[in-house]
Amino acid sequence: MTDEPAPTSRHPRPTRQRSNTPTNTAPAKAASNAASKTASKAVPKAAPKRERPSGPPPALAASALGKSYGELIALAPVDLDLAPRQRVALIGHNGSGKTTLLRIASGLLEPTEGSIAIFGEPAGSLPARRALSYLSDNPTFYDDLSVWEHLEYVAGLHGCDDAWEQRAADLLGALGLYERADDLPTRFSRGLRQKASIALGLIRPFQILLVDEPFVGLDAAGKAALLELLEDVHRAGATVVVATHELAFVERVDRVIALRDGNVVHDGSAEGVDVLTLVS
Amino acid sequence: MSKDNDNANDRARNDTGASNDSATSDSASGDRGDHMSAVATATIELADLDRPPVPVEAVRRLRTARRANRVAAIEWFELAYRAYLSGLIGIIAVLSLAGAIGDSRLPDASIHSARQHGPAAIGVVAALAIALGLRSGSRGGPLALEPAEVRHVLLAPVRRRQALLTLATRQLRYAIFIGSVVGAICGLLASRRLGGTRPAWVASGAAAGIVVALSFVGAALIGSGLRLRRLVVNIIGAAILIGALADLGGYVGWWPTRVVGDLGMWPAKAAPVALVTVIVAIGVVVIGLSLLDRLELEAAERRTELAGQLRFAVTMRDLRTAIVVHRMLAQDRPRPRPLFSMPGRRTVWKRSWRGLARLPNARLARMFALAAGSGLAVLGIYRGTTPLAIVAGLAMYVVGLDLLEPMAQEIDQVDRAAASPHDRGRILVRHVAPPAIVVVIIAAVSWGALAVAGAHGDELFVGAIGVVSIGWSGLAGAAMSLVSGAPDPLGLDGVMGANELLMPEVAGMRMVGRAVGPLVVAMLGAFPTIIARRVAVAGSKATDGVNSGHPIAASATAAAAVVVLLSGVVGWVRFRDQARAYLMQSAAAAKSGQRDKLTGVGR
């Protein structure tokens, strides 16, 4: 593979190239704090069992959800309700059950007990798959498809209309990947793979976005771009759940859920949360 | 859709509308002063949960395009060479098989026996296929998807059954092809020995082969679709197999898998009921295909990651990698708590025992089963079936590979060995001692099986020597195999130096030697039993009253010779690295001298 930028003239140009430098996020933070105040009222502190409110189903609802491998408990029975349009940070030390929870919600893992629903549909079912986009911490790509071909394929799999091309160009531009659109992502570095994976997760329509450790491996500019994209996703009206220790993101969220050894040890507003204590 | 779902959709619609509005207003107003707001509106699209499933056309288009790419990338000369090699090996295999089976018609009594037992024997093969198919299904098989296929296709709103059907039918086609070819060859060989018209035998053999292949794939699809647990699958598989074996041994009057055999033996004895198996096999496959959408993604994802590695390791004859990947596929992990603790201060000795104390139950059970099989094979050798030496040797070779796991781990940790102040050989050879002790305990199981099978008198003593001998030789073969590592197709790790490729013939011979050598060593342990048998036969035939020796004494003497040979293997493990280093230095010095001579340096 050559390091020179690949020719991308056959793809639409990004609407406007996103600046990869951190932008002023004060207004967004203010809006976020306002939202979190509202959300903190609505979301009670962690409780083992809760009465489910009547009305439209939550974006994600877990009921006594647990996963164990023999004697090893990866996720103790957990009850969770995430309202639509909520921004949630999932934090916890290594092995606390964050990835397990996200993988179960995506349908990749099946719980050993309890149930989980996405907009009222069982996780992994066809409507749930339509509603949920999952970005794994370990991106996988086809060996023989370029980034652009991946985007085209994923867009096709999700029934996107022709507008996907412009959206893809915009996404790649935002992530600083536009010049690499015709390169094979399997040959990318960790950070570039992560960016390509983010583009794949966002090109398709969704209502809830689950992201596992997206900031790992990204440079400062990449982190800033991702923070902006997550902000965009939230603004567009989707629910966002991110497993991360990235304080810049945790500060913006409406709700922080902390896991320890598979148990929820904190569930509430981001205000006053000592992330370091919760993940240690 | 349920009421809840309708609510969800309403909510989603509302949310979509609301969010789009808000996003538009954001971008239109530009209140935030954020120059990316226009992009934000355009890049994110909210899903409409009311939409029907996406047609699977995108998947089909992609697969067609990728197939076209692969065909375009094929190097036809290489493909022709591979086809030539495969054909050549196939012909040699068929001719060897034909030579081993023989060409002349069997006596009537033998033909009668074949007609009587043939269906049950073929039934055992069918039972084995079903058991293996179920086992594969419980591990996420039989489909081996690409990891990206699981993430991108199976998590997309397309119907999984439709998306997987193409892959499943491709696998079925392949299985049918292999089954028909193998069945037809067996039919052809049978026609020479059992009489009857050749086309009839070939057709019935191919039909039986196809049924066996369909049974394997169908059982795997059902095992996967019903998400049968490994324990359940093992119990069902074992029950089917034991029933088929009991049918072969005459312990039961009839067993369902025998009907597959009736189909294969049709020219010998027409049995219209056998046609039912074709319908049943097709039915099993149809049921399996209907369960495709129940594929467990967790198992499929694990399989996708490992199946490719396993295939590559097998292609490269990289035994260690194949074992490790297979264990991962079978989720065969060391036990969390050791079986026992070993006191002592010798580092390697203690580490080796710790590894053995963590052998999981499944591996222990397999080792004992293989040991029992090896014991029965030793008895068979003593009773005159010499080729059982291959079975006994291979069984204990596999046991040896399991017992030498601590040594294998040491070999895997290249950096650790390189950082150690001790020779690698010195460490590795110390890892052989604990397994050499344990193998004697395992040999006791072999001996027990042999005793239970009806061994008596000299057989018990010769058997005792035989099982220990084959245990140690299996261990030595396994050690040799592990220390040799994966064969290097380019010969880069040989004494020729890294810049020089070996000629294909030499490289090929080396690869065969490395693959076969350990197996030959593993079979050496059968030598004492074979010698004892010869002495026993010679003794029974002696008419002049002069006994040529006692089988037990002969066996013990031969075992001593085997131990001497095996100690050579231990020495090879100890000094292999030094010997290789010496040879490489010599080769480099010789090459340097030759170059100097050619360039005139030093004149």
# chains A, B, ... in the order shown; residues from 1 in each chain; ligands from 1
>>> residues_around(residues="Ala168 of chain A", least_positions_apart="3", cutoff="9 Å", atoms="only C-alpha atoms", output="PDB file with N, CA, C and O atoms, in the first residue's frame")
ATOM      1  N   PRO A  12     -18.248  12.023  -4.200  1.00  0.00           N
ATOM      2  CA  PRO A  12     -18.607  13.420  -3.957  1.00  0.00           C
ATOM      3  C   PRO A  12     -17.651  14.038  -2.944  1.00  0.00           C
ATOM      4  O   PRO A  12     -17.123  13.337  -2.073  1.00  0.00           O
ATOM      5  N   PRO A  14     -16.737  16.339   0.325  1.00  0.00           N
ATOM      6  CA  PRO A  14     -17.484  16.672   1.549  1.00  0.00           C
ATOM      7  C   PRO A  14     -18.136  18.038   1.395  1.00  0.00           C
ATOM      8  O   PRO A  14     -17.576  18.928   0.746  1.00  0.00           O
ATOM      9  N   TRP A 148     -14.589   3.204   1.029  1.00  0.00           N
ATOM     10  CA  TRP A 148     -15.767   3.673   0.291  1.00  0.00           C
ATOM     11  C   TRP A 148     -16.693   2.499  -0.054  1.00  0.00           C
ATOM     12  O   TRP A 148     -17.915   2.596   0.067  1.00  0.00           O
ATOM     13  N   LEU A 151     -18.619   1.494   2.889  1.00  0.00           N
ATOM     14  CA  LEU A 151     -19.728   2.429   3.146  1.00  0.00           C
ATOM     15  C   LEU A 151     -20.885   2.147   2.189  1.00  0.00           C
ATOM     16  O   LEU A 151     -22.058   2.140   2.586  1.00  0.00           O
ATOM     17  N   GLU A 152     -20.552   1.882   0.942  1.00  0.00           N
ATOM     18  CA  GLU A 152     -21.576   1.596  -0.058  1.00  0.00           C
ATOM     19  C   GLU A 152     -22.355   0.336   0.311  1.00  0.00           C
ATOM     20  O   GLU A 152     -23.585   0.281   0.232  1.00  0.00           O
ATOM     21  N   ALA A 163     -28.719   9.430  -1.382  1.00  0.00           N
ATOM     22  CA  ALA A 163     -28.067  10.501  -0.626  1.00  0.00           C
ATOM     23  C   ALA A 163     -26.910   9.987   0.223  1.00  0.00           C
ATOM     24  O   ALA A 163     -26.139  10.784   0.765  1.00  0.00           O
ATOM     25  N   TRP A 164     -26.788   8.701   0.312  1.00  0.00           N
ATOM     26  CA  TRP A 164     -25.729   8.148   1.171  1.00  0.00           C
ATOM     27  C   TRP A 164     -24.353   8.607   0.712  1.00  0.00           C
ATOM     28  O   TRP A 164     -23.449   8.774   1.538  1.00  0.00           O
ATOM     29  N   GLU A 165     -24.197   8.809  -0.576  1.00  0.00           N
ATOM     30  CA  GLU A 165     -22.857   9.139  -1.082  1.00  0.00           C
ATOM     31  C   GLU A 165     -22.376  10.469  -0.506  1.00  0.00           C
ATOM     32  O   GLU A 165     -21.229  10.589  -0.077  1.00  0.00           O
ATOM     33  N   LEU A 171     -19.045  12.431   6.104  1.00  0.00           N
ATOM     34  CA  LEU A 171     -18.528  11.706   7.277  1.00  0.00           C
ATOM     35  C   LEU A 171     -17.019  11.511   7.171  1.00  0.00           C
ATOM     36  O   LEU A 171     -16.284  11.732   8.138  1.00  0.00           O
ATOM     37  N   LEU A 172     -16.585  11.065   6.012  1.00  0.00           N
ATOM     38  CA  LEU A 172     -15.147  10.838   5.831  1.00  0.00           C
ATOM     39  C   LEU A 172     -14.381  12.145   5.973  1.00  0.00           C
ATOM     40  O   LEU A 172     -13.294  12.179   6.554  1.00  0.00           O
ATOM     41  N   GLY A 173     -14.968  13.215   5.442  1.00  0.00           N
ATOM     42  CA  GLY A 173     -14.327  14.522   5.584  1.00  0.00           C
ATOM     43  C   GLY A 173     -14.227  14.912   7.045  1.00  0.00           C
ATOM     44  O   GLY A 173     -13.187  15.372   7.512  1.00  0.00           O
ATOM     45  N   TYR A 178     -11.224  11.287   4.182  1.00  0.00           N
ATOM     46  CA  TYR A 178     -11.708  11.395   2.809  1.00  0.00           C
ATOM     47  C   TYR A 178     -10.635  10.983   1.801  1.00  0.00           C
ATOM     48  O   TYR A 178     -10.913  10.293   0.825  1.00  0.00           O
ATOM     49  N   ALA A 199     -17.230   5.755  10.787  1.00  0.00           N
ATOM     50  CA  ALA A 199     -17.948   6.146   9.563  1.00  0.00           C
ATOM     51  C   ALA A 199     -18.977   5.081   9.195  1.00  0.00           C
ATOM     52  O   ALA A 199     -20.110   5.401   8.809  1.00  0.00           O
ATOM     53  N   LEU A 200     -18.603   3.816   9.329  1.00  0.00           N
ATOM     54  CA  LEU A 200     -19.532   2.729   8.989  1.00  0.00           C
ATOM     55  C   LEU A 200     -20.734   2.710   9.936  1.00  0.00           C
ATOM     56  O   LEU A 200     -21.853   2.401   9.536  1.00  0.00           O
ATOM     57  N   LEU A 202     -22.023   5.247  11.407  1.00  0.00           N
ATOM     58  CA  LEU A 202     -22.874   6.437  11.290  1.00  0.00           C
ATOM     59  C   LEU A 202     -23.505   6.601   9.910  1.00  0.00           C
ATOM     60  O   LEU A 202     -24.426   7.399   9.754  1.00  0.00           O
ATOM     61  N   ILE A 203     -23.024   5.871   8.922  1.00  0.00           N
ATOM     62  CA  ILE A 203     -23.567   6.045   7.569  1.00  0.00           C
ATOM     63  C   ILE A 203     -24.993   5.485   7.478  1.00  0.00           C
ATOM     64  O   ILE A 203     -25.810   5.967   6.715  1.00  0.00           O
TER      65      ILE A 203
ATOM     66  N   THR B  43     -25.262  14.408   7.781  1.00  0.00           N
ATOM     67  CA  THR B  43     -24.573  13.129   7.952  1.00  0.00           C
ATOM     68  C   THR B  43     -25.384  12.087   8.704  1.00  0.00           C
ATOM     69  O   THR B  43     -25.265  10.909   8.447  1.00  0.00           O
TER      70      THR B  43
END
>>> select_by_dssp(residues="segment 54-267 of chain A", states="strand (DSSP E or B)", output="PyMOL selection string")
chain A and resi 60-69+72-82+87-92+113-118+121-122+132-135+206+208-212+239-243+255-260+263-267
>>> interface_residues(of="chain A", to="chain B", cutoff="7 Å", atoms="only C-alpha atoms", output="NGL selection string")
:A and (15-16 or 18 or 27 or 56-57 or 108-109 or 119-121 or 126-127 or 129-131 or 140-142 or 153-154 or 156-159 or 167 or 170-171 or 202 or 204-207 or 232-233 or 235-237)
>>> residues_around(residues="Ser567 of chain B", least_positions_apart="2", cutoff="12 Å", atoms="only C-alpha atoms", output="ChimeraX atom specification")
/B:429,432-433,436,472-473,475-477,479-480,521,560-565,569-574
>>> residues_around(residues="Leu106 of chain B", least_positions_apart="3", cutoff="9 Å", atoms="only C-alpha atoms", output="number ranges by chain")
B: 103, 109-111, 192-195
>>> residues_around(residues="segment 344-359 of chain B", least_positions_apart="3", cutoff="6 Å", atoms="only C-alpha atoms", output="ChimeraX atom specification")
/B:334-335,338-340,406,431
>>> atom_distance(atom1="atom CA of Ala258 of chain A", atom2="atom CA of Gly222 of chain A")
25.1 Å
>>> residues_around(residues="Ile465 of chain B", least_positions_apart="2", cutoff="8 Å", atoms="only C-alpha atoms", output="number ranges by chain")
B: 461-463, 467-469, 528-529, 555-556, 559
>>> write_last_selection(atoms="N, CA and C atoms", output="JSON list (two decimals), in the first residue's frame")
[["chain", "number", "residue", "atom", "x", "y", "z"],
["B", 461, "PHE", "N", 1.12, -59.37, 30.54],
["B", 461, "PHE", "CA", 2.49, -58.89, 30.80],
["B", 461, "PHE", "C", 3.05, -58.16, 29.58],
["B", 462, "VAL", "N", 2.85, -58.78, 28.41],
["B", 462, "VAL", "CA", 3.32, -58.13, 27.18],
["B", 462, "VAL", "C", 2.57, -56.80, 26.99],
["B", 463, "GLY", "N", 1.30, -56.83, 27.30],
["B", 463, "GLY", "CA", 0.48, -55.62, 27.19],
["B", 463, "GLY", "C", 0.98, -54.52, 28.11],
["B", 467, "VAL", "N", 2.00, -51.02, 26.59],
["B", 467, "VAL", "CA", 1.29, -49.74, 26.79],
["B", 467, "VAL", "C", 2.24, -48.65, 27.32],
["B", 468, "VAL", "N", 3.17, -49.06, 28.19],
["B", 468, "VAL", "CA", 4.14, -48.06, 28.69],
["B", 468, "VAL", "C", 5.05, -47.61, 27.55],
["B", 469, "SER", "N", 5.50, -48.60, 26.78],
["B", 469, "SER", "CA", 6.40, -48.29, 25.66],
["B", 469, "SER", "C", 5.73, -47.35, 24.66],
["B", 528, "PRO", "N", 8.02, -53.45, 20.75],
["B", 528, "PRO", "CA", 8.09, -54.57, 21.70],
["B", 528, "PRO", "C", 6.93, -55.56, 21.56],
["B", 529, "THR", "N", 5.74, -55.05, 21.31],
["B", 529, "THR", "CA", 4.58, -55.93, 21.19],
["B", 529, "THR", "C", 4.68, -56.77, 19.91],
["B", 555, "SER", "N", 9.80, -58.98, 24.67],
["B", 555, "SER", "CA", 9.14, -57.68, 24.72],
["B", 555, "SER", "C", 9.94, -56.71, 25.59],
["B", 556, "ALA", "N", 10.42, -57.21, 26.74],
["B", 556, "ALA", "CA", 11.19, -56.34, 27.66],
["B", 556, "ALA", "C", 12.48, -55.89, 26.99],
["B", 559, "ALA", "N", 11.69, -53.35, 24.46],
["B", 559, "ALA", "CA", 11.30, -52.09, 25.12],
["B", 559, "ALA", "C", 12.53, -51.32, 25.56]]
>>> residues_around(residues="Gly288 of chain B", least_positions_apart="3", cutoff="12 Å", atoms="only C-alpha atoms", output="PyMOL selection string")
chain B and resi 133-134+137+141-143+161+164-165+168-169+172+214-227+281-285+291-295
>>> write_last_selection(atoms="N, CA and C atoms", output="CSV table (one decimal), in the first residue's frame")
chain,number,residue,atom,x,y,z
B,133,GLY,N,-21.5,-33.8,13.0
B,133,GLY,CA,-22.3,-32.7,12.5
B,133,GLY,C,-23.0,-32.0,13.7
B,134,LEU,N,-23.6,-32.7,14.6
B,134,LEU,CA,-24.2,-32.1,15.8
B,134,LEU,C,-23.1,-31.3,16.6
B,137,GLY,N,-22.4,-28.1,14.9
B,137,GLY,CA,-23.5,-27.2,15.0
B,137,GLY,C,-23.5,-26.6,16.4
B,141,GLY,N,-21.2,-24.1,13.9
B,141,GLY,CA,-21.0,-24.5,12.5
B,141,GLY,C,-22.4,-24.8,11.9
B,142,PRO,N,-22.5,-25.3,10.7
B,142,PRO,CA,-21.3,-25.6,9.8
B,142,PRO,C,-20.8,-24.5,9.0
B,143,LEU,N,-21.5,-23.3,9.0
B,143,LEU,CA,-21.1,-22.2,8.2
B,143,LEU,C,-19.9,-21.5,8.9
B,161,ARG,N,-32.0,-15.6,7.3
B,161,ARG,CA,-32.1,-16.8,6.6
B,161,ARG,C,-31.7,-16.6,5.1
B,164,LEU,N,-28.1,-16.0,4.7
B,164,LEU,CA,-27.2,-17.1,4.9
B,164,LEU,C,-27.4,-18.3,3.9
B,165,LEU,N,-28.6,-18.2,3.3
B,165,LEU,CA,-29.0,-19.4,2.4
B,165,LEU,C,-27.9,-19.7,1.3
B,168,ALA,N,-25.1,-21.4,2.8
B,168,ALA,CA,-25.4,-22.8,3.2
B,168,ALA,C,-25.6,-23.7,2.0
B,169,THR,N,-26.2,-23.2,1.0
B,169,THR,CA,-26.3,-24.1,-0.2
B,169,THR,C,-24.9,-24.3,-0.9
B,172,LEU,N,-23.5,-27.0,1.1
B,172,LEU,CA,-24.2,-28.3,0.8
B,172,LEU,C,-23.7,-28.9,-0.5
B,214,LEU,N,-25.1,-35.3,3.5
B,214,LEU,CA,-26.3,-34.5,3.9
B,214,LEU,C,-26.6,-34.6,5.4
B,215,SER,N,-26.4,-35.8,5.9
B,215,SER,CA,-26.6,-36.1,7.3
B,215,SER,C,-25.7,-35.2,8.2
B,216,PHE,N,-24.4,-35.1,7.7
B,216,PHE,CA,-23.5,-34.2,8.4
B,216,PHE,C,-23.9,-32.8,8.4
B,217,VAL,N,-24.2,-32.3,7.2
B,217,VAL,CA,-24.5,-30.8,7.1
B,217,VAL,C,-25.9,-30.6,7.8
B,218,GLY,N,-26.9,-31.5,7.6
B,218,GLY,CA,-28.2,-31.3,8.2
B,218,GLY,C,-28.1,-31.3,9.7
B,219,ALA,N,-27.4,-32.3,10.2
B,219,ALA,CA,-27.3,-32.4,11.7
B,219,ALA,C,-26.6,-31.1,12.2
B,220,ALA,N,-25.6,-30.6,11.5
B,220,ALA,CA,-24.9,-29.4,12.0
B,220,ALA,C,-25.9,-28.2,12.0
B,221,LEU,N,-26.6,-28.1,10.9
B,221,LEU,CA,-27.6,-27.0,10.8
B,221,LEU,C,-28.6,-27.1,11.9
B,222,ILE,N,-29.1,-28.3,12.2
B,222,ILE,CA,-30.1,-28.4,13.2
B,222,ILE,C,-29.5,-28.1,14.6
B,223,GLY,N,-28.3,-28.7,14.8
B,223,GLY,CA,-27.6,-28.4,16.1
B,223,GLY,C,-27.4,-26.9,16.3
B,224,SER,N,-27.1,-26.2,15.3
B,224,SER,CA,-26.8,-24.8,15.4
B,224,SER,C,-28.2,-24.1,15.6
B,225,GLY,N,-29.2,-24.5,14.7
B,225,GLY,CA,-30.5,-23.8,14.8
B,225,GLY,C,-31.2,-24.0,16.1
B,226,LEU,N,-31.1,-25.2,16.6
B,226,LEU,CA,-31.7,-25.5,17.9
B,226,LEU,C,-30.9,-25.1,19.1
B,227,ARG,N,-29.7,-24.6,18.8
B,227,ARG,CA,-28.7,-24.1,19.8
B,227,ARG,C,-28.5,-25.2,20.9
B,281,ALA,N,-32.7,-37.7,4.8
B,281,ALA,CA,-31.6,-36.8,4.7
B,281,ALA,C,-32.0,-35.5,4.1
B,282,ILE,N,-32.7,-35.5,3.1
B,282,ILE,CA,-33.2,-34.2,2.5
B,282,ILE,C,-34.0,-33.5,3.5
B,283,GLY,N,-34.9,-34.2,4.2
B,283,GLY,CA,-35.8,-33.6,5.2
B,283,GLY,C,-35.0,-32.9,6.3
B,284,VAL,N,-33.9,-33.6,6.7
B,284,VAL,CA,-33.1,-33.1,7.8
B,284,VAL,C,-32.4,-31.8,7.3
B,285,VAL,N,-32.0,-31.8,6.1
B,285,VAL,CA,-31.3,-30.6,5.5
B,285,VAL,C,-32.3,-29.4,5.4
B,291,LEU,N,-33.9,-23.4,9.9
B,291,LEU,CA,-33.5,-22.8,11.2
B,291,LEU,C,-32.3,-21.9,11.1
B,292,LEU,N,-32.0,-21.6,9.9
B,292,LEU,CA,-30.8,-20.7,9.7
B,292,LEU,C,-30.8,-19.4,10.4
B,293,ASP,N,-32.0,-18.8,10.5
B,293,ASP,CA,-32.1,-17.5,11.1
B,293,ASP,C,-31.9,-17.6,12.6
B,294,ARG,N,-31.9,-18.8,13.2
B,294,ARG,CA,-31.7,-18.9,14.6
B,294,ARG,C,-30.2,-19.1,15.0
B,295,LEU,N,-29.3,-18.9,14.0
B,295,LEU,CA,-27.9,-19.0,14.2
B,295,LEU,C,-27.5,-18.1,15.4
>>> closest_residue(among="B:Leu519, B:Ala579, B:Met367, B:Leu241", to="Val399 of chain B", atoms="only C-alpha atoms")
B:Met367
>>> select_by_dssp(residues="segment 68-271 of chain A", states="helix (DSSP H, G or I)", output="ChimeraX atom specification")
/A:98-106,126-131,147-157,164-175,178-180,185-187,190-203,220-236,247-250
>>> closest_residue(among="B:Ser374, B:Asp412, B:Ile91, B:Arg424", to="Val445 of chain B", atoms="only C-alpha atoms")
B:Ser374
